[in-house]
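Q: Next up, input.cif (mmCIF, C-alpha atoms).
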```cif
data_entry
loop_
_atom_site.label_atom_id
_atom_site.label_comp_id
_atom_site.auth_asym_id
_atom_site.auth_seq_id
_atom_site.Cartn_x
_atom_site.Cartn_y
_atom_site.Cartn_z
CA MET A 1 175.14 171.08 126.12
CA ILE A 2 172.65 172.45 128.64
CA LEU A 3 169.49 174.27 127.51
CA ASN A 4 169.33 178.01 128.09
CA GLN A 5 166.41 179.83 129.74
CA THR A 6 164.74 180.74 126.41
CA GLN A 7 164.77 177.13 125.26
CA ILE A 8 163.36 175.92 128.58
CA ASP A 9 160.68 178.62 128.33
CA SER A 10 159.62 177.32 124.92
CA ILE A 11 159.33 173.77 126.35
CA SER A 12 157.35 175.18 129.24
CA ASP A 13 155.02 177.04 126.80
CA TYR A 14 154.48 173.82 124.85
CA VAL A 15 153.45 171.91 127.99
CA LEU A 16 151.12 174.75 129.07
CA ASN A 17 149.57 175.14 125.62
CA GLU A 18 148.86 171.42 125.45
CA GLY A 19 146.48 171.88 128.37
CA VAL A 20 148.34 170.21 131.25
CA THR A 21 146.77 171.70 134.37
CA ASP A 22 148.41 169.68 137.15
CA ASP A 23 151.29 171.86 138.43
CA LEU A 24 153.38 168.96 139.74
CA LEU A 25 153.01 167.03 136.50
CA LYS A 26 153.92 170.18 134.54
CA GLU A 27 157.26 170.46 136.38
CA ASP A 28 158.04 166.80 135.71
CA LEU A 29 157.21 167.07 132.03
CA ILE A 30 159.25 170.23 131.48
CA ASP A 31 162.28 168.65 133.14
CA HIS A 32 161.81 165.35 131.29
CA LEU A 33 161.44 166.96 127.86
CA SER A 34 164.43 169.21 128.62
CA CYS A 35 166.59 166.20 129.58
CA LYS A 36 165.52 164.30 126.46
CA THR A 37 166.18 167.31 124.21
CA GLU A 38 169.64 167.78 125.75
CA GLU A 39 170.39 164.10 125.23
CA ILE A 40 169.42 164.28 121.53
CA ILE A 41 171.42 167.48 120.97
CA ASN A 42 174.47 165.97 122.66
CA SER A 43 174.29 162.58 120.97
CA LYS A 44 173.20 163.60 117.46
CA GLY A 45 174.48 167.14 117.27
CA LEU A 46 171.10 168.51 116.16
CA ASP A 47 169.77 172.05 116.71
CA PHE A 48 167.30 172.75 119.54
CA GLU A 49 164.11 172.88 117.39
CA THR A 50 164.75 169.53 115.67
CA ALA A 51 165.88 167.88 118.89
CA PHE A 52 162.80 169.17 120.74
CA GLU A 53 160.49 167.84 118.02
CA MET A 54 162.17 164.44 118.30
CA ALA A 55 161.92 164.53 122.11
CA LYS A 56 158.18 165.31 121.88
CA LEU A 57 157.63 162.35 119.56
CA LYS A 58 159.61 159.99 121.78
CA CYS A 59 158.23 161.06 125.15
CA SER A 60 154.64 161.98 124.40
CA PRO A 61 153.56 160.92 120.90
CA ASN A 62 149.90 161.53 121.84
CA GLY A 63 150.54 164.83 123.56
CA PRO A 64 151.27 165.61 127.22
CA GLN A 65 147.59 165.69 128.09
CA GLU A 66 147.63 161.91 127.90
CA PHE A 67 149.79 161.90 131.05
CA GLU A 68 147.21 163.89 132.95
CA ARG A 69 144.39 161.63 131.76
CA ASP A 70 146.28 158.52 132.89
CA LEU A 71 147.02 160.18 136.21
CA LYS A 72 143.31 160.88 136.74
CA LEU A 73 142.53 157.27 135.87
CA LEU A 74 145.06 155.96 138.37
CA THR A 75 144.02 158.27 141.19
CA THR A 76 140.30 157.60 140.76
CA PHE A 77 140.84 153.85 140.67
CA LYS A 78 140.33 153.36 144.41
CA PRO A 79 136.84 154.89 144.73
CA ASN A 80 135.87 152.89 141.69
CA THR A 81 136.99 149.69 143.42
CA ILE A 82 135.04 150.60 146.54
CA MET A 83 131.96 151.28 144.39
CA ARG A 84 132.40 147.92 142.71
CA LYS A 85 132.60 146.18 146.08
CA ILE A 86 129.46 147.96 147.29
CA ALA A 87 127.65 147.12 144.05
CA PHE A 88 128.71 143.48 144.34
CA ILE A 89 127.57 143.13 147.95
CA GLY A 90 124.37 145.10 147.22
CA GLY A 91 123.65 142.95 144.18
CA TYR A 92 124.15 139.77 146.18
CA ALA A 93 121.90 140.99 149.00
CA SER A 94 119.31 142.17 146.47
CA ALA A 95 119.27 138.78 144.74
CA LEU A 96 119.00 137.02 148.12
CA CYS A 97 116.05 139.23 149.12
CA PHE A 98 114.35 138.54 145.80
CA MET A 99 114.75 134.78 146.18
CA LEU A 100 113.45 134.86 149.75
CA ALA A 101 110.52 137.03 148.63
CA VAL A 102 109.63 134.45 145.96
CA LEU A 103 109.95 131.67 148.53
CA PHE A 104 107.68 133.39 151.06
CA PHE A 105 105.19 134.30 148.36
CA ALA A 106 105.08 130.68 147.18
CA LEU A 107 104.70 129.41 150.76
CA SER A 108 101.91 131.89 151.38
CA SER A 109 100.06 130.88 148.20
CA LEU A 110 100.46 127.18 148.95
CA GLN A 111 99.23 127.67 152.51
CA LEU A 112 96.18 129.55 151.24
CA LYS A 113 95.41 126.92 148.63
CA LYS A 114 95.86 124.12 151.20
CA ASN A 115 93.47 125.87 153.58
CA GLU A 116 90.83 126.30 150.90
CA LEU A 117 91.03 122.65 149.92
CA ARG A 118 90.92 121.57 153.56
CA LEU A 119 87.90 123.81 154.18
CA ARG A 120 86.08 122.34 151.22
CA SER A 121 86.82 118.77 152.24
CA VAL A 122 85.76 119.39 155.85
CA GLN A 123 82.58 121.14 154.73
CA MET A 124 81.78 118.21 152.46
CA GLU A 125 82.53 115.67 155.21
CA TYR A 126 80.39 117.47 157.78
CA GLY A 127 77.68 118.10 155.22
CA LEU A 128 77.51 114.35 154.51
CA LYS A 129 77.46 113.50 158.22
CA GLN A 130 74.62 115.93 158.79
CA ASP A 131 72.62 114.45 155.95
CA SER A 132 73.01 110.79 156.99
CA GLN A 133 72.81 111.09 160.79
CA GLY A 134 70.66 114.17 161.11
CA SER A 135 73.30 115.67 163.44
CA PRO A 136 73.01 119.26 164.72
CA GLY A 137 74.29 122.23 162.68
CA LEU A 138 77.69 122.02 161.16
CA ARG A 139 79.08 124.99 163.08
CA GLY A 140 77.89 123.63 166.38
CA SER A 141 80.26 120.64 166.51
CA LEU A 142 83.44 120.88 168.63
CA GLU A 143 85.51 119.22 165.93
CA TYR A 144 84.44 121.83 163.43
CA GLN A 145 85.18 124.67 165.85
CA ASP A 146 88.65 123.20 166.35
CA PHE A 147 89.10 123.03 162.60
CA GLU A 148 87.89 126.62 162.24
CA ARG A 149 90.53 127.78 164.74
CA GLN A 150 93.22 125.90 162.84
CA TYR A 151 91.90 127.37 159.60
CA HIS A 152 92.16 130.94 160.91
CA ASP A 153 95.65 130.30 162.32
CA ALA A 154 96.79 128.95 158.97
CA ASN A 155 95.29 131.95 157.24
CA ALA A 156 97.14 134.26 159.63
CA THR A 157 100.40 132.41 158.88
CA SER A 158 99.76 132.74 155.17
CA LEU A 159 99.12 136.47 155.59
CA SER A 160 102.31 136.98 157.61
CA GLN A 161 104.27 135.11 154.94
CA TYR A 162 102.72 137.33 152.30
CA ILE A 163 103.68 140.47 154.26
CA MET A 164 107.22 139.12 154.65
CA ALA A 165 107.43 138.50 150.90
CA GLU A 166 106.24 142.04 150.27
CA ARG A 167 108.86 143.51 152.63
CA LEU A 168 111.64 141.43 151.09
CA LEU A 169 110.62 142.58 147.64
CA ILE A 170 110.77 146.22 148.78
CA ALA A 171 114.21 145.59 150.34
CA CYS A 172 115.35 143.98 147.09
CA CYS A 173 114.24 147.04 145.07
CA ILE A 174 115.85 149.49 147.52
CA LEU A 175 119.16 147.58 147.46
CA PHE A 176 119.09 147.43 143.67
CA ILE A 177 118.33 151.14 143.33
CA THR A 178 120.90 152.28 145.89
CA THR A 179 123.84 150.02 144.98
CA ILE A 180 123.74 148.57 141.47
CA LEU A 181 122.08 151.43 139.59
CA PRO A 182 124.50 154.16 140.84
CA TYR A 183 127.45 151.91 139.92
CA GLN A 184 126.01 151.31 136.46
CA PHE A 185 125.50 155.04 135.93
CA TYR A 186 128.96 155.81 137.31
CA SER A 187 130.63 153.22 135.04
CA LYS A 188 128.83 154.53 131.97
CA TYR A 189 129.63 158.11 132.94
CA ARG A 190 133.34 157.23 133.43
CA LYS A 191 133.42 155.35 130.13
CA GLY A 192 131.80 158.28 128.34
CA ASP A 193 134.17 160.70 130.03
CA LEU A 194 137.19 158.70 128.92
CA GLU A 195 135.88 158.34 125.37
CA LEU A 196 135.36 162.10 125.22
CA ALA A 197 138.86 162.67 126.57
CA GLN A 198 140.31 160.43 123.88
CA VAL A 199 138.68 162.38 121.04
CA MET B 1 160.17 148.60 139.40
CA ILE B 2 159.91 152.17 140.71
CA LEU B 3 159.95 150.94 144.31
CA LYS B 4 162.97 148.74 143.61
CA LEU B 5 164.89 151.63 142.01
CA LEU B 6 164.15 153.95 144.88
CA SER B 7 165.04 151.33 147.46
CA GLU B 8 168.52 151.16 145.92
CA LYS B 9 169.06 154.88 145.57
CA GLU B 10 168.05 157.54 148.07
CA ARG B 11 166.32 159.84 145.55
CA MET B 12 165.79 159.89 141.78
CA TYR B 13 164.06 162.04 139.19
CA GLY B 14 161.83 160.73 136.41
CA TYR B 15 164.24 160.88 133.50
CA GLU B 16 166.94 159.25 135.62
CA MET B 17 164.61 156.32 136.38
CA VAL B 18 163.90 155.77 132.68
CA GLN B 19 167.62 155.82 131.89
CA ARG B 20 168.51 153.55 134.82
CA VAL B 21 165.99 150.88 133.81
CA LYS B 22 167.13 151.11 130.19
CA GLU B 23 170.73 150.66 131.29
CA MET B 24 170.04 147.85 133.79
CA SER B 25 167.97 145.87 131.29
CA HIS B 26 170.47 146.39 128.43
CA GLU B 27 167.84 148.48 126.63
CA LYS B 28 165.32 145.64 126.71
CA ILE B 29 162.91 147.48 128.99
CA LEU B 30 161.92 151.04 128.13
CA ILE B 31 159.64 152.69 130.65
CA LYS B 32 157.09 154.84 128.84
CA GLU B 33 156.82 158.34 130.21
CA GLY B 34 153.05 158.05 129.88
CA SER B 35 153.11 155.25 132.46
CA LEU B 36 155.91 156.54 134.67
CA TYR B 37 154.64 159.95 135.74
CA PRO B 38 151.02 158.99 136.43
CA THR B 39 152.34 156.08 138.54
CA LEU B 40 154.81 158.32 140.40
CA HIS B 41 152.09 160.85 141.16
CA ALA B 42 149.60 158.20 142.22
CA LEU B 43 152.19 156.64 144.57
CA THR B 44 152.94 160.10 145.97
CA LYS B 45 149.26 160.79 146.57
CA GLU B 46 148.91 157.46 148.35
CA GLY B 47 151.84 158.34 150.61
CA TYR B 48 154.38 155.80 149.35
CA LEU B 49 156.67 158.44 147.84
CA THR B 50 157.71 161.92 148.78
CA THR B 51 159.07 164.66 146.53
CA GLU B 52 161.71 167.29 146.88
CA SER B 53 162.23 170.07 144.31
CA ALA B 54 165.57 171.54 143.35
CA LEU B 55 166.60 174.10 140.76
CA VAL B 56 168.90 172.31 138.29
CA ASN B 57 170.10 173.77 134.96
CA ASN B 58 167.55 176.63 134.99
CA ARG B 59 164.57 174.35 135.61
CA THR B 60 162.80 172.74 138.54
CA ARG B 61 163.68 169.11 139.01
CA LYS B 62 161.57 166.90 141.21
CA TYR B 63 163.32 164.13 143.11
CA TYR B 64 161.29 161.19 144.35
CA SER B 65 162.17 159.13 147.40
CA LEU B 66 160.48 156.41 149.43
CA THR B 67 158.56 157.28 152.59
CA ASN B 68 158.52 154.84 155.52
CA LYS B 69 155.22 153.52 154.22
CA GLY B 70 156.82 153.08 150.77
CA LYS B 71 159.83 151.29 152.27
CA GLY B 72 157.42 148.89 153.93
CA LEU B 73 155.77 148.22 150.57
CA ALA B 74 158.98 147.91 148.52
CA ALA B 75 160.48 144.83 150.19
CA PRO B 76 157.35 142.59 150.00
CA ALA B 77 156.63 143.77 146.44
CA VAL B 78 160.16 142.88 145.31
CA ASP B 79 160.00 139.53 147.15
CA GLU B 80 156.71 138.74 145.48
CA LEU B 81 158.17 139.46 142.03
CA VAL B 82 161.29 137.38 142.73
CA ASP B 83 159.07 134.53 143.89
CA PHE B 84 156.98 134.83 140.72
CA GLN B 85 160.15 134.86 138.62
CA GLN B 86 161.33 131.65 140.34
CA THR B 87 157.97 130.01 139.75
CA LEU B 88 158.17 130.90 136.07
CA LYS B 89 161.67 129.47 135.99
CA LEU B 90 160.32 126.18 137.34
CA ILE B 91 157.87 126.05 134.45
CA PHE B 92 159.97 127.44 131.62
CA GLY B 93 163.46 126.90 133.06
CA SER B 94 164.23 123.53 131.52
CA LYS B 95 164.55 123.24 127.76
CA PRO B 96 161.82 121.18 126.08
CA ALA B 97 162.84 117.63 125.25
CA LEU B 98 163.44 117.09 121.56
CA SER B 99 161.52 114.24 120.03
#
```
Will you turn the file into structure tokens for me?
A:
Amino acid sequence: MILNQTQIDSISDYVLNEGVTDDLLKEDLIDHLSCKTEEIINSKGLDFETAFEMAKLKCSPNGPQEFERDLKLLTTFKPNTIMRKIAFIGGYASALCFMLAVLFFALSSLQLKKNELRLRSVQMEYGLKQDSQGSPGLRGSLEYQDFERQYHDANATSLSQYIMAERLLIACCILFITTILPYQFYSKYRKGDLELAQV
Amino acid sequence: MILKLLSEKERMYGYEMVQRVKEMSHEKILIKEGSLYPTLHALTKEGYLTTESALVNNRTRKYYSLTNKGKGLAAPAVDELVDFQQTLKLIFGSKPALS
């Protein structure tokens, strides 16, 4: 037995009333439910209404809208994968920047501390020399001037390391904000969207 | 499975695919409609399948067939599955020795 136009119209109304909006999917579902209904009528000799109810239960127990939801999930899978890749690379770069920032900050602090200690020890050494030998002013000696130059160079290095650490920390924050956070928001939004759709 | 079916037959519609798989697997594999149509549409959107509509028994029937891109994907995908099946056979093929 083949379904007549009125019976196909009632299947079509069911699919439309269930909220399927994708036109191509609608055509597929109407044809599929029609085929299944015909098969039940032909094999079990049931009337159209009963056979259609059975076809609905067999083909789409959770309603035809489930098909559309799964379709959306499948077709939005690719951008999601791209976002995941970006988030992964961004996260890795962000972590790398953070570690380098810590390293430069530590180097800068150590350099500064080393300079201070060196300054103190040199001042003490020259102070002692001055006391025992009655040598001219501390700042007048060539050795001390050489030390002072080295001290300023080391301070400049420490400062540049500190600036580098600062820049890396900024880069780390920017990478985190632009890659990981949007992915986190997107994932939570998608999850919420799907949960809402399942209600 | 869809790619394999369509590589054997020029064009098929959804219900026909479900029935064919059921028949080929002696009713051991039943493709759920909820998985079939979203997959068919996703493959169409990605350019692996193409559709053709025809008016059959007072309703529109959509036939799916492989595009050239889809044909290129079908053979390696089937080979990969066959290879996997053979690997599984190596592991589970022989009966366990009875102690």
Q: Restricting the calculation to all atoms listed in the file, which member of A:Leu57, A:Met83, A:Ile11, A:Met1 is positioned closest to A:Gly45?
A: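 Of the candidates, the smallest distance to A:Gly45 is held by A:Met1.
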Q: Residues of chain A that have any atom at most 8 Å from an atom of chain B: could you tabulate them with the shortest-distance atom pair and the distance in Å to one decimal, using only C-alpha atoms, ordered by chain and increasing number, as JSON lines?
A:
```
{"residue": "A:Ile2", "atom": "CA", "partner": "B:Asn57", "partner_atom": "CA", "distance": 6.9}
{"residue": "A:Leu3", "atom": "CA", "partner": "B:Asn57", "partner_atom": "CA", "distance": 7.5}
{"residue": "A:Asn4", "atom": "CA", "partner": "B:Asn58", "partner_atom": "CA", "distance": 7.3}
{"residue": "A:Gln5", "atom": "CA", "partner": "B:Asn58", "partner_atom": "CA", "distance": 6.3}
{"residue": "A:Ile8", "atom": "CA", "partner": "B:Arg59", "partner_atom": "CA", "distance": 7.3}
{"residue": "A:Leu25", "atom": "CA", "partner": "B:Tyr37", "partner_atom": "CA", "distance": 7.3}
{"residue": "A:Glu27", "atom": "CA", "partner": "B:Thr60", "partner_atom": "CA", "distance": 6.4}
{"residue": "A:Asp28", "atom": "CA", "partner": "B:Lys62", "partner_atom": "CA", "distance": 6.5}
{"residue": "A:Ile30", "atom": "CA", "partner": "B:Arg59", "partner_atom": "CA", "distance": 7.9}
{"residue": "A:Asp31", "atom": "CA", "partner": "B:Arg61", "partner_atom": "CA", "distance": 6.1}
{"residue": "A:His32", "atom": "CA", "partner": "B:Tyr15", "partner_atom": "CA", "distance": 5.5}
{"residue": "A:Cys35", "atom": "CA", "partner": "B:Tyr15", "partner_atom": "CA", "distance": 7.0}
{"residue": "A:Lys36", "atom": "CA", "partner": "B:Tyr15", "partner_atom": "CA", "distance": 7.9}
{"residue": "A:Cys59", "atom": "CA", "partner": "B:Glu33", "partner_atom": "CA", "distance": 5.9}
{"residue": "A:Ser60", "atom": "CA", "partner": "B:Gly34", "partner_atom": "CA", "distance": 6.9}
{"residue": "A:Glu66", "atom": "CA", "partner": "B:Gly34", "partner_atom": "CA", "distance": 6.9}
{"residue": "A:Phe67", "atom": "CA", "partner": "B:Gly34", "partner_atom": "CA", "distance": 5.2}
{"residue": "A:Glu68", "atom": "CA", "partner": "B:Pro38", "partner_atom": "CA", "distance": 7.1}
{"residue": "A:Asp70", "atom": "CA", "partner": "B:Pro38", "partner_atom": "CA", "distance": 5.9}
{"residue": "A:Leu71", "atom": "CA", "partner": "B:Pro38", "partner_atom": "CA", "distance": 4.2}
{"residue": "A:Lys72", "atom": "CA", "partner": "B:Pro38", "partner_atom": "CA", "distance": 7.9}
{"residue": "A:Leu74", "atom": "CA", "partner": "B:Ala42", "partner_atom": "CA", "distance": 6.4}
{"residue": "A:Thr75", "atom": "CA", "partner": "B:Ala42", "partner_atom": "CA", "distance": 5.7}
```
Q: Using atom CA of B:Ser65 and atom CA of B:Leu81 as the two end points, give the distance in Å to one decimal.
A: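 About the pair atom CA of B:Ser65 and atom CA of B:Leu81: they are 20.8 Å apart.
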Q: Fewer than 2 positions away in the same chain doesn't count, so skip those; otherwise give me all residues within 8 Å of A:Ala154, counting all atoms listed in the file, as a list of chain:residue names.
A: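 Listed by chain and then number, they are A:Gln111, A:Leu112, A:Asn115, A:Gln150, A:Tyr151, A:His152, A:Ala156, A:Thr157, A:Ser158.
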Q: Which polymer residues have any atom within 9 Å of an atom of B:Met1, counting only C-alpha atoms, with same-chain residues fewer than 3 positions away left out, as a JSON list (two decimals) with C-alpha atoms, keeping the file's coordinate frame?
A:
```
[["chain", "number", "residue", "atom", "x", "y", "z"],
["B", 4, "LYS", "CA", 162.97, 148.74, 143.61],
["B", 5, "LEU", "CA", 164.89, 151.63, 142.01],
["B", 6, "LEU", "CA", 164.15, 153.95, 144.88],
["B", 21, "VAL", "CA", 165.99, 150.88, 133.81],
["B", 78, "VAL", "CA", 160.16, 142.88, 145.31]]
```
Q: Report as a list in words the full result of the PyMOL selection byres ((chain B and resi 48) around 6) when it is applied to this structure.
A: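 Evaluating the PyMOL selection byres ((chain B and resi 48) around 6) on these coordinates yields Leu43, Thr44, Glu46, Gly47, Leu49, Thr67, Lys69 and Gly70 of chain B.
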Q: Record the distance separating atom CA of A:Phe52 and atom CA of A:Asp22, expressed in Å with one decimal.
A: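 Atom CA of A:Asp22 lies at a distance of 21.8 Å from atom CA of A:Phe52.
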Q: To one decimal in Å, tell me the separation between atom CA of B:Leu55 and atom CA of A:Ile40.
A: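 Atom CA of A:Ile40 lies 21.8 Å from atom CA of B:Leu55.
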Q: Which residues come within 10 Å of A:Ala51, counting all atoms listed in the file, excluding same-chain residues fewer than 4 positions away, as a ChimeraX atom specification?
A: /A:34,36-42,44-47,55-57
Q: To test your reading of the syntax: which residues would the PyMOL selection byres ((chain A and resi 179) around 12) return for the file shown? Reply as a list of chain:residue names.
A: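 Those residues are A:Ile82, A:Met83, A:Arg84, A:Lys85, A:Ile86, A:Ala87, A:Phe88, A:Ile89, A:Gly90, A:Gly91, A:Tyr92, A:Ala93, A:Ser94, A:Ala171, A:Cys172, A:Cys173, A:Ile174, A:Leu175, A:Phe176, A:Ile177, A:Thr178, A:Ile180, A:Leu181, A:Pro182, A:Tyr183, A:Gln184, A:Phe185, A:Tyr186.
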Q: Could you tell me, as a ChimeraX atom specification, exactly which residues end up selected when the PyMOL selection byres ((chain A and resi 12-19) around 9) is applied to this structure?
A: /A:7-11,20-21,26-27,29-30,63-65
Q: Assuming 3 Å of padding per side, give the centre and edge lengths of the axis-aligned box around every listed atom of stretch 29-47 of chain B, in Å to one decimal and as AutoDock Vina command-line options.
A:
```
--center_x 155.9 --center_y 154.2 --center_z 139.4 --size_x 20.0 --size_y 19.4 --size_z 28.5
```
